[in-house]
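This is my_file-v5.txt (compact mmCIF, C-alpha atoms).
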```txt
# COMPACT_ATOMS: atom_id res chain seq x y z
CA MET A 1 -71.37 60.12 -33.55
CA LYS A 2 -74.87 59.22 -32.41
CA ILE A 3 -76.28 55.93 -33.75
CA ASN A 4 -79.24 57.74 -35.36
CA GLU A 5 -76.75 59.75 -37.48
CA ILE A 6 -75.11 56.47 -38.50
CA VAL A 7 -78.52 55.15 -39.59
CA ASN A 8 -79.08 58.25 -41.75
CA ILE A 9 -75.63 58.16 -43.34
CA ILE A 10 -75.88 54.54 -44.45
CA GLY A 11 -79.61 54.63 -45.25
CA GLY A 12 -80.17 51.83 -42.77
CA LYS A 13 -83.30 50.35 -41.25
CA VAL A 14 -83.39 50.03 -37.46
CA ILE A 15 -84.57 46.53 -36.51
CA CYS A 16 -84.34 46.93 -32.75
CA GLY A 17 -82.84 49.13 -30.07
CA GLU A 18 -84.75 52.33 -30.94
CA ALA A 19 -84.37 53.53 -27.34
CA MET A 20 -80.58 53.59 -27.71
CA LEU A 21 -80.28 55.64 -30.91
CA ASP A 22 -78.83 58.55 -28.92
CA THR A 23 -75.84 56.41 -27.86
CA GLU A 24 -72.46 57.64 -29.11
CA VAL A 25 -70.23 55.32 -31.16
CA ASN A 26 -66.91 56.57 -32.47
CA LYS A 27 -65.04 53.58 -33.92
CA GLY A 28 -65.94 50.94 -36.46
CA PHE A 29 -64.79 47.46 -37.46
CA ALA A 30 -65.93 45.53 -40.54
CA SER A 31 -65.60 41.75 -40.65
CA ASP A 32 -67.42 38.56 -41.50
CA LEU A 33 -64.97 36.61 -39.35
CA MET A 34 -66.20 36.73 -35.77
CA SER A 35 -62.89 35.44 -34.36
CA ASP A 36 -61.27 38.65 -35.66
CA VAL A 37 -63.94 40.73 -33.95
CA LEU A 38 -63.28 38.82 -30.72
CA THR A 39 -59.58 39.78 -30.79
CA LEU A 40 -60.40 43.48 -30.40
CA ASP A 41 -59.78 44.97 -26.99
CA THR A 42 -61.25 48.31 -28.03
CA ASP A 43 -64.34 49.81 -26.43
CA ASP A 44 -66.79 52.12 -28.15
CA VAL A 45 -66.80 50.20 -31.43
CA MET A 46 -69.57 49.32 -33.90
CA LEU A 47 -69.59 46.25 -36.16
CA ILE A 48 -70.38 46.19 -39.88
CA THR A 49 -70.84 42.66 -41.19
CA GLY A 50 -72.49 40.62 -43.91
CA LEU A 51 -72.82 37.69 -41.51
CA ALA A 52 -76.53 37.50 -40.72
CA ASN A 53 -76.68 34.85 -38.02
CA LEU A 54 -76.93 34.49 -34.26
CA GLN A 55 -73.17 34.33 -33.84
CA ALA A 56 -72.80 37.91 -35.11
CA ILE A 57 -75.06 39.06 -32.25
CA ARG A 58 -73.38 36.77 -29.68
CA THR A 59 -70.00 38.13 -30.74
CA ALA A 60 -71.24 41.70 -30.29
CA GLU A 61 -72.59 40.77 -26.87
CA MET A 62 -69.25 39.33 -25.71
CA SER A 63 -67.27 42.23 -27.20
CA ASP A 64 -69.41 45.00 -25.66
CA ILE A 65 -70.43 46.18 -29.14
CA SER A 66 -73.62 48.24 -28.87
CA CYS A 67 -74.40 48.68 -32.58
CA VAL A 68 -74.36 46.06 -35.36
CA VAL A 69 -74.99 46.86 -39.02
CA ILE A 70 -76.00 43.87 -41.15
CA ALA A 71 -74.97 44.94 -44.65
CA ARG A 72 -75.21 43.42 -48.18
CA LYS A 73 -79.05 43.26 -48.11
CA LYS A 74 -78.95 40.38 -45.62
CA LYS A 75 -82.06 39.94 -43.53
CA VAL A 76 -82.14 39.78 -39.75
CA SER A 77 -83.95 36.68 -38.42
CA ASN A 78 -86.42 36.80 -35.53
CA GLU A 79 -83.91 34.93 -33.33
CA MET A 80 -81.24 37.53 -34.08
CA LYS A 81 -83.66 40.35 -33.29
CA LYS A 82 -84.72 38.76 -30.01
CA LEU A 83 -81.13 38.15 -28.89
CA ALA A 84 -80.12 41.71 -29.81
CA GLU A 85 -83.09 43.05 -27.80
CA ASP A 86 -82.04 40.93 -24.79
CA CYS A 87 -78.47 42.23 -25.05
CA ASN A 88 -79.40 45.92 -25.60
CA ILE A 89 -77.78 45.98 -29.02
CA VAL A 90 -78.98 48.32 -31.78
CA LEU A 91 -79.43 46.19 -34.89
CA ILE A 92 -79.54 47.88 -38.30
CA GLU A 93 -80.17 46.38 -41.74
CA CYS A 94 -78.52 48.06 -44.70
CA CYS A 95 -78.63 47.46 -48.47
CA GLY A 96 -75.10 48.63 -49.27
CA SER A 97 -72.07 46.36 -49.37
CA VAL A 98 -69.79 46.18 -46.35
CA PHE A 99 -67.23 48.20 -48.34
CA LYS A 100 -69.68 50.97 -49.22
CA THR A 101 -71.18 51.12 -45.73
CA ALA A 102 -67.78 51.26 -44.06
CA GLY A 103 -66.59 53.85 -46.60
CA LYS A 104 -69.50 56.17 -45.95
CA LEU A 105 -69.01 55.96 -42.19
CA TYR A 106 -65.24 56.45 -42.46
CA GLN A 107 -65.85 59.54 -44.58
CA ALA A 108 -68.29 60.84 -41.97
CA GLY A 109 -65.71 60.50 -39.20
CA ILE A 110 -66.09 57.02 -37.68
CA LYS A 111 -62.54 55.99 -36.77
CA PRO A 112 -60.92 52.64 -37.55
CA VAL A 113 -59.85 50.41 -34.65
CA PHE A 114 -56.39 50.16 -36.24
CA MET B 115 -67.47 30.92 -3.90
CA MET B 116 -69.94 30.37 -6.71
CA HIS B 117 -70.23 27.29 -8.92
CA PHE B 118 -72.02 26.93 -12.25
CA GLU B 119 -72.24 24.17 -14.85
CA PHE B 120 -73.56 24.27 -18.40
CA ASP B 121 -73.89 21.55 -21.04
CA ILE B 122 -72.90 22.17 -24.64
CA GLU B 123 -74.27 20.15 -27.54
CA GLY B 124 -71.93 19.53 -30.47
CA GLY B 125 -73.13 20.91 -33.79
CA ASP B 126 -75.85 23.14 -32.30
CA PHE B 127 -74.74 26.62 -33.32
CA SER B 128 -77.97 28.24 -32.17
CA LYS B 129 -76.95 27.71 -28.54
CA ALA B 130 -73.21 28.46 -28.87
CA GLY B 131 -72.59 31.34 -26.50
CA PHE B 132 -75.31 30.51 -23.99
CA ALA B 133 -72.85 29.76 -21.15
CA SER B 134 -70.76 32.84 -21.98
CA SER B 135 -73.87 34.99 -21.98
CA GLN B 136 -74.91 33.66 -18.55
CA LEU B 137 -71.38 34.16 -17.23
CA LYS B 138 -71.36 37.74 -18.50
CA ARG B 139 -74.58 38.50 -16.64
CA ILE B 140 -73.14 37.02 -13.45
CA LEU B 141 -69.74 38.72 -13.72
CA LYS B 142 -71.25 42.13 -14.42
CA GLN B 143 -72.78 41.97 -10.93
CA LEU B 144 -69.55 40.86 -9.26
CA VAL B 145 -66.58 42.31 -11.11
CA THR B 146 -66.06 46.05 -11.54
CA ASP B 147 -63.24 45.88 -14.11
CA HIS B 148 -65.13 45.47 -17.39
CA LYS B 149 -61.94 44.45 -19.23
CA VAL B 150 -61.71 41.35 -17.01
CA VAL B 151 -65.36 40.55 -17.73
CA LYS B 152 -64.86 40.99 -21.47
CA LYS B 153 -61.71 38.90 -21.83
CA THR B 154 -63.18 36.10 -19.70
CA VAL B 155 -66.44 35.86 -21.63
CA VAL B 156 -64.60 36.12 -24.97
CA ALA B 157 -62.34 33.22 -23.94
CA LEU B 158 -65.33 31.11 -22.89
CA TYR B 159 -67.29 32.00 -26.02
CA GLU B 160 -64.45 30.87 -28.30
CA ALA B 161 -64.21 27.67 -26.25
CA GLU B 162 -67.95 27.06 -26.59
CA VAL B 163 -67.74 27.59 -30.35
CA ASN B 164 -64.88 25.07 -30.48
CA VAL B 165 -66.98 22.42 -28.73
CA VAL B 166 -69.97 23.08 -31.00
CA ALA B 167 -67.72 23.05 -34.08
CA HIS B 168 -65.59 19.99 -33.31
CA ALA B 169 -66.96 17.84 -30.48
CA TYR B 170 -70.04 15.70 -29.78
CA SER B 171 -70.81 17.25 -26.41
CA GLY B 172 -69.17 19.28 -23.71
CA LYS B 173 -69.45 20.65 -20.22
CA VAL B 174 -68.55 24.08 -18.88
CA ILE B 175 -67.66 24.24 -15.20
CA ILE B 176 -67.21 27.69 -13.68
CA ASP B 177 -65.92 28.47 -10.19
CA ILE B 178 -65.81 32.08 -9.10
CA ASP B 179 -63.76 32.87 -6.03
CA THR B 180 -62.77 36.19 -4.50
CA ASP B 181 -59.39 36.16 -6.23
CA LYS B 182 -60.03 34.29 -9.48
CA ILE B 183 -62.45 32.89 -12.02
CA GLN B 184 -61.69 29.32 -13.05
CA ILE B 185 -63.40 27.87 -16.11
CA LYS B 186 -63.09 24.29 -17.29
CA VAL B 187 -64.42 23.24 -20.69
CA ASN B 188 -64.34 19.48 -21.14
CA ASP B 189 -65.57 17.85 -24.30
CA LYS B 190 -66.18 14.41 -25.70
CA GLY B 191 -64.93 14.49 -29.24
CA PRO B 192 -62.18 13.68 -31.69
CA GLY B 193 -59.48 15.32 -29.57
CA ILE B 194 -56.46 17.19 -30.91
CA GLU B 195 -53.50 15.25 -32.28
CA ASP B 196 -50.96 18.07 -32.25
CA ILE B 197 -51.83 20.77 -29.70
CA GLU B 198 -48.87 22.97 -30.65
CA GLN B 199 -50.06 23.06 -34.26
CA ALA B 200 -53.67 23.67 -33.20
CA MET B 201 -52.52 26.68 -31.15
CA GLU B 202 -50.97 28.31 -34.23
CA GLU B 203 -53.01 31.20 -35.63
CA GLY B 204 -54.42 30.22 -39.01
CA TYR B 205 -54.31 26.45 -38.48
CA SER B 206 -57.82 25.02 -38.69
CA THR B 207 -59.64 21.76 -39.28
CA ALA B 208 -63.08 23.41 -39.25
CA SER B 209 -65.79 22.43 -41.72
CA GLU B 210 -67.39 24.69 -44.30
CA GLN B 211 -70.45 24.91 -42.03
CA VAL B 212 -68.33 26.30 -39.19
CA ARG B 213 -66.79 28.87 -41.55
CA GLU B 214 -70.25 29.98 -42.61
CA MET B 215 -70.96 30.72 -38.95
CA GLY B 216 -68.12 33.27 -38.90
CA PHE B 217 -65.52 31.03 -37.28
CA GLY B 218 -63.06 28.33 -38.32
CA ALA B 219 -60.16 30.54 -39.38
CA GLY B 220 -57.80 29.02 -36.85
CA MET B 221 -57.94 31.87 -34.35
CA GLY B 222 -59.89 30.24 -31.53
CA LEU B 223 -57.31 28.59 -29.28
CA ALA B 224 -54.81 31.46 -29.65
CA ASN B 225 -57.59 33.91 -28.85
CA ILE B 226 -58.57 31.92 -25.75
CA LYS B 227 -54.96 31.91 -24.55
CA ASN B 228 -54.59 35.66 -25.17
CA ASN B 229 -57.69 36.33 -23.12
CA SER B 230 -56.66 34.13 -20.17
CA ASP B 231 -54.26 34.86 -17.33
CA GLU B 232 -53.59 31.14 -17.23
CA PHE B 233 -54.47 28.66 -19.94
CA ASN B 234 -54.06 24.90 -19.94
CA ILE B 235 -55.07 22.39 -22.56
CA THR B 236 -54.91 18.62 -22.62
CA SER B 237 -56.35 16.32 -25.23
CA GLU B 238 -56.62 12.66 -26.10
CA VAL B 239 -57.32 11.64 -29.67
CA GLY B 240 -60.66 9.85 -29.94
CA VAL B 241 -61.67 10.82 -26.40
CA GLY B 242 -61.82 14.59 -26.01
CA THR B 243 -60.22 17.86 -25.04
CA GLN B 244 -60.00 19.69 -21.71
CA LEU B 245 -59.40 23.42 -21.39
CA GLU B 246 -58.74 25.40 -18.26
CA ILE B 247 -59.07 29.18 -18.36
CA ILE B 248 -58.16 31.26 -15.32
CA ALA B 249 -58.69 34.98 -14.86
CA TYR B 250 -57.29 36.60 -11.72
CA LEU B 251 -59.33 39.24 -9.95
CA GLU B 252 -58.01 42.23 -8.09
CA ILE B 253 -59.21 42.00 -4.55
CA ILE B 254 -60.71 45.30 -3.48
```

Represent the structure contained in this file as structure tokens.
Amino acid sequence: MKINEIVNIIGGKVICGEAMLDTEVNKGFASDLMSDVLTLDTDDVMLITGLANLQAIRTAEMSDISCVVIARKKKVSNEMKKLAEDCNIVLIECCGSVFKTAGKLYQAGIKPVF
Amino acid sequence: MMHFEFDIEGGDFSKAGFASSQLKRILKQLVTDHKVVKKTVVALYEAEVNVVAHAYSGKVIIDIDTDKIQIKVNDKGPGIEDIEQAMEEGYSTASEQVREMGFGAGMGLANIKNNSDEFNITSEVGVGTQLEIIAYLEII
């Protein structure tokens, strides 16, 4: 699924990475615990989290995650935006809960990591 | 042979991951197997977070050779009394602040070990902790 379809499905707001909205992502992982994200050895995965801080972006950078959805109405800081831009990560804000956001994407065909 | 050093400041979460980020940029130019790059930077990132979360200061020393990447993370801090217990998944002494950062669930050391080809840890209570992470490279 292309990231721009993901944005439409969850009613998200793209904060940065507009040039990469055509990128395909097929798996998703939802967590507020970054250590759990860092245990994944899966490629082609997006992250849904309610953790709105720099470590969420750093974790995505280290894990080769190209799309991060910040759910639960959390706001992306300027530092987060800048780091995501530097790391070529699409950053999306979304008003739904992590549960609702993940549910919508699962229904639309995004696969779980396990 | 390439050599890099980075300083880590305890408690400063805004910079946790700086050394890992630099290492990732370097390794992407040198190493073709992206799984090796990923596991190495994940191991270093967890180690950096540990220093920020638990120690007063630390140093990352990276040596990249044709056959391996060797990373040392040495910190000045409280040290670890029982390393075996600290290695157990789920065991944590992290503060509430560390948990708010998305860490502190007792996964770090086990995750570092799982992402290393060789992993060594020594620690002295009241002095600090030393980690060694080695990733072997396939010589092309």

Go ahead and compute the interatomic distance for atom CA of Ala208 of chain B and atom CA of Ala167 of chain B, in Å to one decimal.
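Computing it gives 7.0 Å between the two atoms.
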
Select residues of chain A: the criterion is any atom within 6 Å of an atom of chain B, counting all atoms listed in the file; output as an MDAnalysis selection string.
chainID A and resid 32:35 62

Please list as a list in words every residue within 9 Å of Glu85 of chain A, counting all atoms listed in the file and excluding residues in the same chain fewer than 6 positions away.
Cys16, Gly17 and Leu91 of chain A

Using C-alpha atoms, can you write the selected residues to a file as an mmCIF file, keeping the file's coordinate frame?
```cif
data_model
loop_
_atom_site.group_PDB
_atom_site.id
_atom_site.type_symbol
_atom_site.label_atom_id
_atom_site.label_comp_id
_atom_site.auth_asym_id
_atom_site.auth_seq_id
_atom_site.Cartn_x
_atom_site.Cartn_y
_atom_site.Cartn_z
ATOM 1 C CA CYS A 16 -84.340 46.930 -32.750
ATOM 2 C CA GLY A 17 -82.840 49.130 -30.070
ATOM 3 C CA LEU A 91 -79.430 46.190 -34.890
#
```

Could you name the residues that touch segment 240-244 of chain B at 6 Å or less, counting only C-alpha atoms, but leaving out those on the same chain fewer than 5 positions away, as JSON, numbers by chain?
{"B": [187, 188, 189, 190, 191, 192, 193, 235]}

Using only C-alpha atoms, can you tell me which of A:Lys2, A:Lys111, A:Lys100, A:Lys81 comes closest to Gly50 of chain A?
A:Lys100

Select, from B:Glu210, B:Glu162, B:Asp179, B:Glu238, the residue with the minimum atom-to-atom distance to Ile197 of chain B, counting only C-alpha atoms.
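Using only C-alpha atoms, Ile197 of chain B sits closest to B:Glu238.
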
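The shell of residues at most 10 Å from Val113 of chain A, with only C-alpha atoms counted and near chain neighbours (fewer than 2 positions) removed, consists of Asn26, Lys27, Gly28, Phe29, Ala30, Leu40, Asp41, Thr42, Asp43, Asp44, Val45, Met46, Ile110 and Lys111 of chain A.
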
Can you tell me how far atom CA of Glu252 of chain B sits from atom CA of Leu141 of chain B, in Å to one decimal?
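It comes out at 13.5 Å.
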
Do you know which residues are at most 12 Å from Gln107 of chain A counting only C-alpha atoms, after dropping those on the same chain fewer than 5 positions away, and could you put them as a PyMOL selection string?
chain A and resi 6+9-10+28+100-102+112

d(atom CA of Val68 of chain A, atom CA of Thr49 of chain A) in Å
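Computing the Euclidean distance for atom CA of Val68 of chain A and atom CA of Thr49 of chain A yields 7.6 Å.
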
Using all atoms listed in the file, which of the listed residues (B:Ser230, B:Asn164, B:Ser206, B:Gln136) sits closest to Phe118 of chain B?
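Nearest candidate to Phe118 of chain B out of B:Ser230, B:Asn164, B:Ser206, B:Gln136: B:Gln136.
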
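Closest approach to Glu119 of chain B among B:Val150, B:Ala161, B:Ala169, B:Ile175 is made by B:Ile175 (distances from all atoms listed in the file).
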
Grab all the atoms of segment 134-149 of chain B that the file lists, wrap them in a box along x, y and z, add 5 Å per side, and give me centre plus edge lengths in Å (one decimal) as JSON.
```
{"center_x": -68.4, "center_y": 39.4, "center_z": -15.6, "size_x": 23.0, "size_y": 23.2, "size_z": 22.7}
```

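Nearest residue to Arg58 of chain A among A:Arg72, A:Asn78, A:Leu83, A:Val98 is A:Leu83, counting all atoms listed in the file.
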
Smallest atom-to-atom distance to Asp196 of chain B: which of B:Val165, B:Ser237, B:Tyr170, B:Ile122, using only C-alpha atoms?
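Closest to Asp196 of chain B of all the choices is B:Ser237.
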
Give me the residues within 8 Å of Thr59 of chain A as a list in words, counting only C-alpha atoms and dropping any in the same chain fewer than 3 places off.
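Listing them by chain and then by number gives Met34, Val37, Leu38, Gln55, Ala56, Met62 and Ser63 of chain A.
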